[in-house]
Structures are given as structure tokens and as C-alpha cells.
Amino acid sequence: MSQTTRDGFGSRFGVLVAVAGSAVGLGNLWRFPYMVGNNGGAAFILLYLFFVILLCLPIMFSEFVIGRRAQANVFGAVNSIAPKSGWLSIGIISVVASISIMSFYSVVGGWTLEYVFKSFSPSFLTSNSDSLSDQFSNFSQRGLLPVIMHLLFLLISALIVVAGVKNGIEKYSKILMPMLFVLVILLAIRSLTLPGASEGVKFLLYPDFSKITSQTVLAALGQAFFSLSLGMGCIITYGSYVNKKENLFKISFMSAIADTGFAIIAGLAVVPAVFAFGISPDQGPSLVFITLPQIFAQLPFGNIIAISFFFILLIAALTSSISLLEVVVAYFTEELKISRKNSVIITFIIIGFFGTLSSLSIGPLKNILLFNKTFFDLFDYTSSNILLPIGGLLVVLFVGWKMKKEDVFDELSSGGSISLNKKIFGAILFVIKFMAPIAISIVLLNSIGIIKLF
Ligand code: PHE
């Protein structure tokens, strides 16, 4: 695809929905509740919110600035601003992180697909935690079936990406996101009104700071980056498709609000029910799949709600996975000049392979450990807790120290069409240049043990 005929978003609503669609996904509904459960509840949520406001918003502005300025994929964008420099590592991290995230994301996408099918069976909805937990482990450890589901999920994502930005990504995101929001609110109401839910509410509201360790802080940072799709060029890539007149602040704020709102409501839907049903909150990745069917069992027309929920969760997962694939595909098409279709095929093969390893590592390969982690955990941990924070760090350093101040101003004020107060711009630049890089470095160094602050 040549630079002059690049695809782009068709409308303002389309951009917003696509960015929010990338942000809202399994990260909110599957990962956030179990992270909260594993990391002690309210204190983790507070840290998470702190990182979203203090770090993620400035990083999101920065990614949009780079992408829209350069109108190219991550490599091309960085190369056009700082040709042939070490900054190209942002491009490398982006492509590696996309592949690494997709290698477990599409496995969980496959689980979601399987749960859409499972929801059709009336016996699926039961109030028995043990039986639900057995159902999940029987399926996920089975070997072949979850691998097939993972490949199917990846195939659907790939087909949407072949269709391109306007006809694929934008079209599918528009209708279903609002529906998902309504459904999650409904689940939260049911969960909060279950007998015994109050213990869960306490867990979500009363922080126990003694539970905070360097790893919890890193996990909260990683979750914030992961949930907002930051630190791996996704917003740079989508930013490159955004019209020059669009207000980048508005898109960033609205996406961050939608994403955080979704995560909190998902927490309210899952955690009180976890306590009400006597499930241990630190189940890890299986938590949502064990808890939600029990809430559905407590609702009238439970099967229909379950089918709709898992189906829409699947769509939410797809709008995120296509944004992950797009990072790699835009790189292959624009930098390596491979056709869009072939780029998608190559990406499918790479992720298909690593995803299969990660899927099998829940069952048949669970004894193969690297750095004391299964493949699934390794892809998850490395991408969220290492690659995304480093990617985010490089992005803010790049915008703060390498890009021309006037260019950053020009992008943030959309070429002067938005009145951007010089003082506010100065404050944003200060956060981008100093605060964000220092904060991310402290969390990273502290988690490795090089400095010991908390
Ligand atoms: N933000 C997505 C989610 O919450 C996952 C994602 C991460 C998408 C990074 C793109 C980039 O599910």
C-alpha cells in the first residue's frame, strides 16, 4: 500500500469506537478481575487507577502524536522522524509484543469461542463451583480442542484484518460495544445482590496496603498498559489512520474512560460473585470462566444471557486482536512491501505456532517451564510486565526528547484547530519528558531489585 492511498477511518465515531474497541477486550473482562483477585483487591485497583491517570493518558497522547505525525506503521513512523537511529527499537518492541500478546490472547479468545458453544447446553449453567471448575480444566487441558479453538479465533481475526481498516475494523466495532456494556452492568447488579456479596465488595473497596509488593506494583502498571493497548505501537498505528482534524485529547479521554469503566464494572460483576459462591479469588486465568456461569444460572433466561455475553465478549476480544495483528501487518505491508493478504498469512502462521505452544502449556506441556513459567504465563508476563512498560518508556522519551516541540504542539492542537493553552501544553510536556519516564523506570528497576523502594 503506498503512502498516498493509505486506508483510514471513515468517521469520527469510527475512530473512537476502534480505539475503544482495541482497549476494551479480554483485558477488562478476563484479565482485570483475576489480577485484582491475585493481587489483593482494592490496593491493586488504586494503583491501577493511579497509573491510568498519571502515566497512561500522557503515553496515549504521545502514541497518537507519533502515529498521526508520520502517517505510517510504527517502524516507518519512527524512521521518518529519526531515520536509522536506535529509536527503531520502538518498532522492534511493538512487533515482538504484538506477537507475544497474541500468543496467549488468541488462546483465551478460543476459550471464549468454546464458551459460546457451551452456553447452548442447558446443563452448562450450574451453581456448583466444583463442577464448573472441572468443566474448565477438562476443556482447557484437553490438548487438541483448545488448540483448534485458538486457531479458529485467530482465523476470524485474520479475515477481518484482510478486509482493511474501514470495512473490517470499524464496521464490526460500532454496534456491539454498547451492547456489551449493558450486559456487564446487568451482571454486576446480579452479582452485587447475591447473598454473601458484601465480602467481595469489601475486598474491592478497602485497600490493604500491606499486600503491596514490588511485583504488585509492576502487575498494576502492566495491567494499565495492557488494558489501554499501550506500549506496543497499537495506538501509533491507529493514530496513523486518524484524520488531521480529529481532537486527540477527546479520543484519548473517552477511550480511557470507557476502558476503565468497563474494567471496574467487570470487577463488580465478578468479584462479589466469587465471594458469594465461595470461590477463591486467586484462581488465575480460569476465574471468569468459572464464576460467570454461576451468575447466569441465577438469572431468568440464563442460557440466552450466557450465549449473548460470551458472544459479545468474543467480539470485544476480536476488536482487540485485530488491532494487535494490524501492528504486525502494517509493518510487513509498508516496510517489507509484502501484500496485505500475504502479510496476514505470515502473521497467522507465526502466532498460530506460538499460540499452540501456549495453549498446550495449560495441559499436555504444563511441565515444560522456562524461567519457572509455562509458555502461556511467560507470554503473558513478558508482554505486560516487561515489553509494554519498556515500549511505553521509549515512546515518551521519543516524543519528549527527540521530536520537535513545535511538531508535538501542532499534533496535539490538531494543526491549530483546537485552542491549546501554552501552560497546559507545558504541563503535558513536563509529564511526558520527566515524570512518566522516571515513574516507569522506578517501577521497572524496583521490580528487578536494582533499587528497593517498596
Ligand atoms: N487492550 C486489550 C484488552 O484489554 C488488549 C490489547 C493489548 C490490545 C495491547 C492491543 C494492544 O483486551
# chains A, B, ... in the order shown; residues from 1 in each chain; ligands from 1

call {"tool": "residues_near_ligand", "arguments": {"ligand": "ligand 1", "cutoff": "9 Å", "atoms": "only C-alpha atoms and all ligand atoms", "output": "PyMOL selection string"}}
result
chain A and resi 20-32+97-98+101-102+105+223-235+259+263+316-325+327+383-384+388

call {"tool": "residues_around", "arguments": {"residues": "Phe275 in chain A", "least_positions_apart": "2", "cutoff": "9 Å", "atoms": "only C-alpha atoms", "output": "ChimeraX atom specification"}}
result
/A:196-201,271-273,277-281

call {"tool": "residues_around", "arguments": {"residues": "Met403 in chain A", "least_positions_apart": "2", "cutoff": "10 Å", "atoms": "only C-alpha atoms", "output": "PyMOL selection string"}}
result
chain A and resi 65-66+78+81-82+397-401+405-408

call {"tool": "select_by_dssp", "arguments": {"residues": "range 27-102 of chain A", "states": "alpha helix (DSSP H)", "output": "ChimeraX atom specification"}}
result
/A:32-38,42-51,57-70,74-81,89-102

call {"tool": "closest_residue", "arguments": {"among": "A:Lys433, A:Arg340, A:Lys202, A:Arg68", "to": "Asn247 in chain A", "atoms": "only C-alpha atoms"}}
result
A:Arg68

call {"tool": "residues_around", "arguments": {"residues": "range 436-453 of chain A", "least_positions_apart": "2", "cutoff": "10 Å", "atoms": "only C-alpha atoms", "output": "PyMOL selection string"}}
result
chain A and resi 51+54-56+58-59+213-219+221+385-386+389-390+392-397+400+430-434
